[in-house]
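Have a look at query_10.cif below; it lists mmCIF, C-alpha atoms and all ligand atoms.
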data_my_file
#
loop_
_atom_site.label_atom_id
_atom_site.label_comp_id
_atom_site.auth_asym_id
_atom_site.auth_seq_id
_atom_site.Cartn_x
_atom_site.Cartn_y
_atom_site.Cartn_z
CA MET A 1325 0.00 0.00 0.00
CA LEU A 1326 2.79 2.40 1.01
CA VAL A 1327 4.70 1.52 -2.12
CA ALA A 1328 1.62 2.18 -4.23
CA ILE A 1329 1.08 5.53 -2.54
CA SER A 1330 4.68 6.59 -3.01
CA ILE A 1331 4.57 5.62 -6.71
CA ARG A 1332 1.37 7.59 -7.10
CA LEU A 1333 2.96 10.59 -5.39
CA ARG A 1334 5.98 10.34 -7.67
CA GLU A 1335 3.72 10.28 -10.71
CA LEU A 1336 1.82 13.30 -9.45
CA ALA A 1337 5.06 15.13 -8.71
CA ALA A 1338 6.35 14.36 -12.21
CA LEU A 1339 3.11 15.60 -13.73
CA ALA A 1340 3.20 18.75 -11.60
CA LEU A 1341 6.79 19.39 -12.75
CA ILE A 1342 5.83 19.01 -16.39
CA ILE A 1343 2.86 21.33 -15.96
CA ALA A 1344 5.01 23.89 -14.14
CA LEU A 1345 7.62 23.77 -16.91
CA VAL A 1346 5.03 24.19 -19.58
CA ALA A 1347 3.31 27.00 -17.70
CA LEU A 1348 6.70 28.71 -17.52
CA CYS A 1349 7.22 28.22 -21.23
CA PHE A 1350 3.86 29.75 -22.04
CA ALA A 1351 4.68 32.68 -19.75
CA LEU A 1352 8.05 33.30 -21.43
CA PRO A 1353 8.62 34.45 -25.02
CA PRO A 1354 7.98 31.45 -27.26
CA PHE A 1355 11.56 30.36 -27.85
CA TYR A 1356 10.28 27.42 -29.85
CA ALA A 1357 8.20 29.62 -32.17
CA ASP A 1358 10.75 29.50 -34.95
CA GLU A 1359 11.13 25.77 -34.74
CA PRO A 1360 10.16 24.31 -38.12
CA GLU A 1361 7.57 21.87 -36.84
CA THR A 1362 6.15 21.15 -40.24
CA GLU A 1363 9.45 20.94 -42.05
CA PRO A 1364 10.29 17.47 -43.28
CA VAL A 1365 12.07 15.72 -40.47
CA SER A 1366 14.27 12.70 -40.48
CA ALA A 1367 12.00 9.73 -40.76
CA GLN A 1368 13.44 8.07 -37.72
CA ALA A 1369 14.29 9.90 -34.56
CA GLU A 1370 17.55 9.40 -32.74
CA GLY A 1371 17.96 6.07 -31.06
CA GLY A 1372 15.19 4.49 -33.13
CA ARG A 1373 12.36 6.32 -31.44
CA PRO A 1374 9.39 6.54 -33.76
CA LEU A 1375 8.21 9.86 -35.13
CA LEU A 1376 5.08 11.16 -33.41
CA ILE A 1377 2.44 12.52 -35.79
CA ILE A 1378 0.00 14.74 -33.90
CA ASP A 1379 -3.32 15.09 -35.68
CA ALA A 1380 -5.72 17.75 -34.43
CA GLY A 1381 -9.02 16.30 -35.62
CA HIS A 1382 -11.25 18.26 -38.02
CA GLY A 1383 -10.48 21.93 -38.85
CA GLY A 1384 -11.35 24.37 -41.62
CA GLU A 1385 -14.97 23.97 -42.66
CA ASP A 1386 -15.25 20.80 -40.61
CA GLY A 1387 -15.76 21.79 -36.98
CA GLY A 1388 -16.62 18.29 -35.77
CA ALA A 1389 -18.84 17.95 -32.71
CA VAL A 1390 -20.02 21.12 -30.96
CA THR A 1391 -20.87 22.04 -27.38
CA ALA A 1392 -24.36 23.18 -26.39
CA SER A 1393 -23.09 26.76 -26.72
CA GLY A 1394 -21.74 26.12 -30.22
CA VAL A 1395 -18.00 25.68 -29.57
CA PRO A 1396 -16.61 23.22 -32.15
CA GLU A 1397 -14.24 20.44 -31.19
CA SER A 1398 -11.80 21.47 -33.95
CA GLY A 1399 -10.47 24.38 -31.87
CA ILE A 1400 -10.22 22.31 -28.69
CA ASN A 1401 -8.43 19.56 -30.61
CA LEU A 1402 -5.94 22.07 -32.00
CA ALA A 1403 -5.32 23.65 -28.57
CA ILE A 1404 -4.50 20.24 -27.08
CA ALA A 1405 -2.37 19.26 -30.11
CA GLU A 1406 -0.38 22.52 -29.84
CA LYS A 1407 0.27 21.95 -26.15
CA LEU A 1408 1.35 18.37 -26.81
CA SER A 1409 3.70 19.57 -29.55
CA ALA A 1410 5.16 22.25 -27.24
CA LEU A 1411 5.76 19.61 -24.55
CA CYS A 1412 7.41 17.39 -27.14
CA GLY A 1413 9.77 20.26 -27.90
CA LEU A 1414 10.73 20.46 -24.23
CA PHE A 1415 11.48 16.76 -24.11
CA GLY A 1416 13.24 16.48 -27.45
CA VAL A 1417 10.52 14.33 -28.97
CA GLU A 1418 10.49 14.47 -32.74
CA ARG A 1419 7.01 15.19 -34.04
CA ILE A 1420 5.02 16.75 -36.82
CA MET A 1421 1.48 18.09 -36.86
CA THR A 1422 -1.07 17.45 -39.59
CA ARG A 1423 -2.41 20.99 -39.14
CA GLU A 1424 -1.36 24.02 -37.12
CA SER A 1425 -4.25 26.35 -37.84
CA GLN A 1426 -8.02 26.45 -37.79
CA GLU A 1427 -7.88 27.55 -41.42
CA LEU A 1428 -7.16 24.95 -44.05
CA ASP A 1429 -6.12 25.32 -47.69
CA TYR A 1430 -8.36 23.41 -50.04
CA PRO A 1431 -7.72 22.57 -53.69
CA ASP A 1432 -9.74 24.59 -56.20
CA THR A 1433 -11.42 21.41 -57.35
CA ALA A 1434 -13.01 20.92 -53.92
CA VAL A 1435 -16.13 23.08 -53.89
CA THR A 1436 -18.61 21.61 -51.44
CA THR A 1437 -17.92 21.10 -47.75
CA ALA A 1438 -17.96 17.34 -48.27
CA GLN A 1439 -15.42 17.58 -51.09
CA ARG A 1440 -13.22 19.87 -49.00
CA LYS A 1441 -13.36 17.57 -46.00
CA SER A 1442 -12.49 14.62 -48.21
CA ALA A 1443 -9.56 16.50 -49.81
CA ASP A 1444 -8.25 17.46 -46.38
CA GLN A 1445 -8.45 13.90 -45.09
CA LYS A 1446 -6.66 12.57 -48.17
CA ALA A 1447 -3.91 15.17 -47.78
CA ARG A 1448 -3.45 14.14 -44.16
CA VAL A 1449 -3.23 10.47 -45.10
CA GLU A 1450 -0.64 11.32 -47.75
CA LEU A 1451 1.45 13.19 -45.18
CA ILE A 1452 1.09 10.41 -42.60
CA ASN A 1453 1.94 7.59 -45.00
CA ALA A 1454 5.01 9.46 -46.29
CA GLN A 1455 6.66 9.09 -42.87
CA GLU A 1456 8.67 6.07 -41.85
CA ASN A 1457 8.56 4.55 -38.40
CA ALA A 1458 5.77 6.88 -37.35
CA VAL A 1459 2.92 6.68 -34.89
CA LEU A 1460 -0.26 8.70 -35.34
CA VAL A 1461 -2.04 10.24 -32.37
CA SER A 1462 -5.32 11.79 -33.51
CA ILE A 1463 -7.03 14.10 -31.02
CA HIS A 1464 -10.81 14.38 -30.89
CA GLN A 1465 -13.75 15.12 -28.58
CA ASN A 1466 -16.70 12.84 -28.09
CA PHE A 1467 -20.43 13.52 -28.35
CA TYR A 1468 -23.52 11.60 -27.39
CA PRO A 1469 -27.21 12.54 -27.61
CA ASP A 1470 -27.58 11.83 -23.89
CA ALA A 1471 -25.80 14.51 -21.81
CA ARG A 1472 -24.77 12.14 -19.02
CA PRO A 1473 -21.80 10.17 -20.49
CA PHE A 1474 -18.39 11.62 -19.63
CA GLY A 1475 -14.74 10.63 -19.64
CA CYS A 1476 -12.01 9.87 -22.09
CA GLN A 1477 -11.52 6.87 -24.32
CA VAL A 1478 -8.64 5.87 -26.53
CA LEU A 1479 -9.35 3.86 -29.66
CA TYR A 1480 -6.59 2.08 -31.53
CA GLY A 1481 -5.93 1.07 -35.12
CA LYS A 1482 -5.27 -2.38 -36.47
CA VAL A 1483 -1.53 -2.05 -37.17
CA GLU A 1484 0.50 -4.05 -34.70
CA GLY A 1485 1.67 -1.94 -31.75
CA SER A 1486 -1.34 0.39 -31.85
CA ARG A 1487 -3.20 -1.47 -29.11
CA GLU A 1488 -0.27 -1.20 -26.67
CA LEU A 1489 -0.11 2.58 -27.00
CA GLY A 1490 -3.90 2.84 -26.90
CA GLU A 1491 -4.17 0.86 -23.67
CA LEU A 1492 -1.29 2.73 -22.08
CA ALA A 1493 -2.66 6.17 -22.94
CA HIS A 1494 -6.20 5.20 -22.01
CA GLY A 1495 -5.09 3.89 -18.62
CA MET A 1496 -3.08 7.02 -17.79
CA LEU A 1497 -5.79 9.43 -18.93
CA THR A 1498 -8.54 7.54 -17.13
CA GLU A 1499 -6.64 7.22 -13.86
CA ALA A 1500 -5.81 10.92 -13.78
CA LEU A 1501 -8.91 12.52 -15.29
CA CYS A 1502 -11.91 10.23 -14.92
CA PRO A 1503 -11.14 7.35 -12.54
CA SER A 1504 -14.81 6.41 -12.19
CA SER A 1505 -15.14 5.79 -15.93
CA ARG A 1506 -15.61 2.15 -16.86
CA ARG A 1507 -14.66 2.60 -20.50
CA VAL A 1508 -11.73 0.63 -21.84
CA ALA A 1509 -9.43 1.17 -24.79
CA ALA A 1510 -11.03 -0.42 -27.84
CA PRO A 1511 -10.38 -1.08 -31.54
CA ILE A 1512 -11.53 1.78 -33.72
CA SER A 1513 -14.32 1.46 -36.23
CA GLU A 1514 -13.32 0.89 -39.84
CA ASP A 1515 -15.63 3.79 -40.70
CA ILE A 1516 -13.01 6.37 -39.66
CA TYR A 1517 -11.21 6.99 -42.94
CA LEU A 1518 -8.03 8.51 -41.52
CA MET A 1519 -7.48 5.63 -39.14
CA ARG A 1520 -8.34 3.04 -41.79
CA ALA A 1521 -6.04 4.57 -44.42
CA ALA A 1522 -3.06 5.28 -42.17
CA LYS A 1523 -0.49 2.56 -42.63
CA CYS A 1524 1.31 3.27 -39.38
CA ARG A 1525 0.47 2.51 -35.77
CA ALA A 1526 -2.34 4.82 -34.75
CA VAL A 1527 -4.56 5.80 -31.84
CA LEU A 1528 -7.49 8.18 -31.67
CA VAL A 1529 -7.96 9.96 -28.35
CA GLU A 1530 -11.49 11.00 -27.43
CA CYS A 1531 -10.55 13.43 -24.66
CA GLY A 1532 -14.06 13.87 -23.29
CA PHE A 1533 -17.71 14.50 -24.12
CA LEU A 1534 -18.77 17.87 -25.49
CA SER A 1535 -22.34 16.73 -24.84
CA ASN A 1536 -21.63 16.73 -21.09
CA GLU A 1537 -21.88 20.32 -19.91
CA ALA A 1538 -19.38 20.06 -17.06
CA GLU A 1539 -16.82 18.16 -19.10
CA ALA A 1540 -17.26 20.46 -22.11
CA ALA A 1541 -16.44 23.43 -19.86
CA LEU A 1542 -13.34 21.69 -18.51
CA LEU A 1543 -12.13 20.75 -21.98
CA GLN A 1544 -12.09 24.42 -22.93
CA THR A 1545 -9.73 25.41 -20.10
CA GLU A 1546 -5.99 25.76 -20.64
CA GLY A 1547 -5.25 23.81 -17.46
CA TYR A 1548 -7.29 20.76 -18.43
CA GLN A 1549 -5.92 20.80 -21.97
CA LEU A 1550 -2.42 20.91 -20.52
CA LYS A 1551 -3.16 17.95 -18.25
CA ILE A 1552 -4.35 15.91 -21.23
CA SER A 1553 -1.25 16.91 -23.21
CA ALA A 1554 1.10 16.05 -20.34
CA LEU A 1555 -0.56 12.67 -19.87
CA LEU A 1556 -0.33 11.91 -23.58
CA LEU A 1557 3.34 12.88 -23.56
CA SER A 1558 3.94 10.64 -20.53
CA ALA A 1559 2.26 7.74 -22.30
CA TRP A 1560 4.28 8.47 -25.43
CA LEU A 1561 7.62 8.56 -23.59
CA GLN A 1562 6.86 5.29 -21.85
CA TYR A 1563 5.72 3.68 -25.10
CA ALA A 1564 8.52 4.99 -27.28
CA ASP A 1565 11.20 3.99 -24.79
CA THR A 1566 9.97 0.42 -24.58
CA PRO A 1567 12.19 -1.44 -27.07
CA ASP A 1568 9.59 -3.95 -28.21
CA GLU A 1569 6.94 -1.29 -28.79
CA GLY A 1570 8.84 1.80 -29.79
CA VAL A 1571 11.33 0.42 -32.28
CA LEU A 1572 10.37 -1.51 -35.33
ZN ZN A 1601 -13.93 14.35 -33.91
#
Using structure tokens, write down the structure from this file.
Amino acid sequence: MLVAISIRLRELAALALIIALVALCFALPPFYADEPETEPVSAQAEGGRPLLIIDAGHGGEDGGAVTASGVPESGINLAIAEKLSALCGLFGVERIMTRESQELDYPDTAVTTAQRKSADQKARVELINAQENAVLVSIHQNFYPDARPFGCQVLYGKVEGSRELGELAHGMLTEALCPSSRRVAAPISEDIYLMRAAKCRAVLVECGFLSNEAEAALLQTEGYQLKISALLLSAWLQYADTPDEGVL
């Protein structure tokens, strides 16, 4: 029991340290602002660590799910993705983002919203599949017609190694953010094009329910977004440093 408590305290202390460091970084001039996050990077990070691809779900004309007050998940997804990327910078984790803005460039041939969404998804898949030894982490928010469900859930793709990261991230997020949730990490539906078409290991993180008023409010706060990002980074570091999982 004492051992368990001390481990828990160590985890909390580590998380607090990460959050303090990030808070400091956000308070200081953004020294990482010039870092070319979207420049082509070496396909394989030092020491064989896989490349982390951070995908902020939706964007542009596709807002995704919306809160009761009309806030789309696309902006929340991007805010969490940006924080995760900033944390990666602090820890020397090589990563790219599939988008860094709420605005998206669409080809002239895409006229309708459906065509534009399709073109965007195809462009993301092209970017993702051009990377070697990569792992995709796609960030989303959940929605349900009933306002009661809450909590996070991580869904994983079918490529070998996806389930391990999915279960790890799901366990860490659930323990820290929604310990009463009974959801488990689960295989993702084949209906999600991006996850179906990505050839690399992939997980989709549903951070919480925008249909739950209390959780939707939390998900819009910087502090909660930072917690999610720090937990995802912790899961990533643990996963990527495990030889059997992190190195192909
Ligand atoms: Zn979504």
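Restricting the calculation to all atoms listed in the file, the smallest distance between Leu1375 of chain A and any of A:Leu1561, A:Ala1493, A:Ala1500, A:Ala1392 is found for A:Leu1561.
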Do you know which residues are within 8 Å of ligand ZN 1601 (chain A) using all atoms listed in the file? Can you write them as a PyMOL selection string? chain A and resi 1381-1382+1388-1389+1397-1398+1463-1466+1530
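Considering the residues A:Ala1403, A:Met1496, A:Ile1378, A:Val1395 and counting all atoms listed in the file, Val1478 of chain A has its shortest atom-to-atom contact with A:Met1496.
Counting only C-alpha atoms and comparing A:Gly1547, A:Gly1384, A:Val1417, A:Leu1460, the residue that lies closest to Ala1438 of chain A is A:Gly1384.
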Close residues, segment 1406-1414 of chain A itself excluded, 8 Å, all atoms listed in the file, min 6 positions apart in chain, as a compact mmCIF listing (two decimals) with C-alpha atoms, keeping the file's coordinate frame:
# COMPACT_ATOMS: atom_id res chain seq x y z
CA VAL A 1346 5.03 24.19 -19.58
CA TYR A 1356 10.28 27.42 -29.85
CA ILE A 1378 0.00 14.74 -33.90
CA ILE A 1420 5.02 16.75 -36.82
CA MET A 1421 1.48 18.09 -36.86
CA GLU A 1424 -1.36 24.02 -37.12
CA GLN A 1549 -5.92 20.80 -21.97
CA LEU A 1550 -2.42 20.91 -20.52
CA SER A 1553 -1.25 16.91 -23.21
CA ALA A 1554 1.10 16.05 -20.34
CA LEU A 1556 -0.33 11.91 -23.58
CA LEU A 1557 3.34 12.88 -23.56
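Across A:Gln1426, A:Ser1442, A:Ser1513, A:Gln1477, the tightest approach to Ile1552 of chain A is made by A:Gln1477 when counting only C-alpha atoms.
Of note, atom CA of Tyr1563 of chain A and atom CA of Leu1489 of chain A are spaced 6.2 Å apart.
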Using only C-alpha atoms and a cutoff of 12 Å, can you tell me which residues are near (-7.7, 16.6, -47.3) in the file's coordinates, and write them out as a ChimeraX atom specification? /A:1381-1386,1422-1423,1428-1431,1433-1434,1437-1452,1517-1518
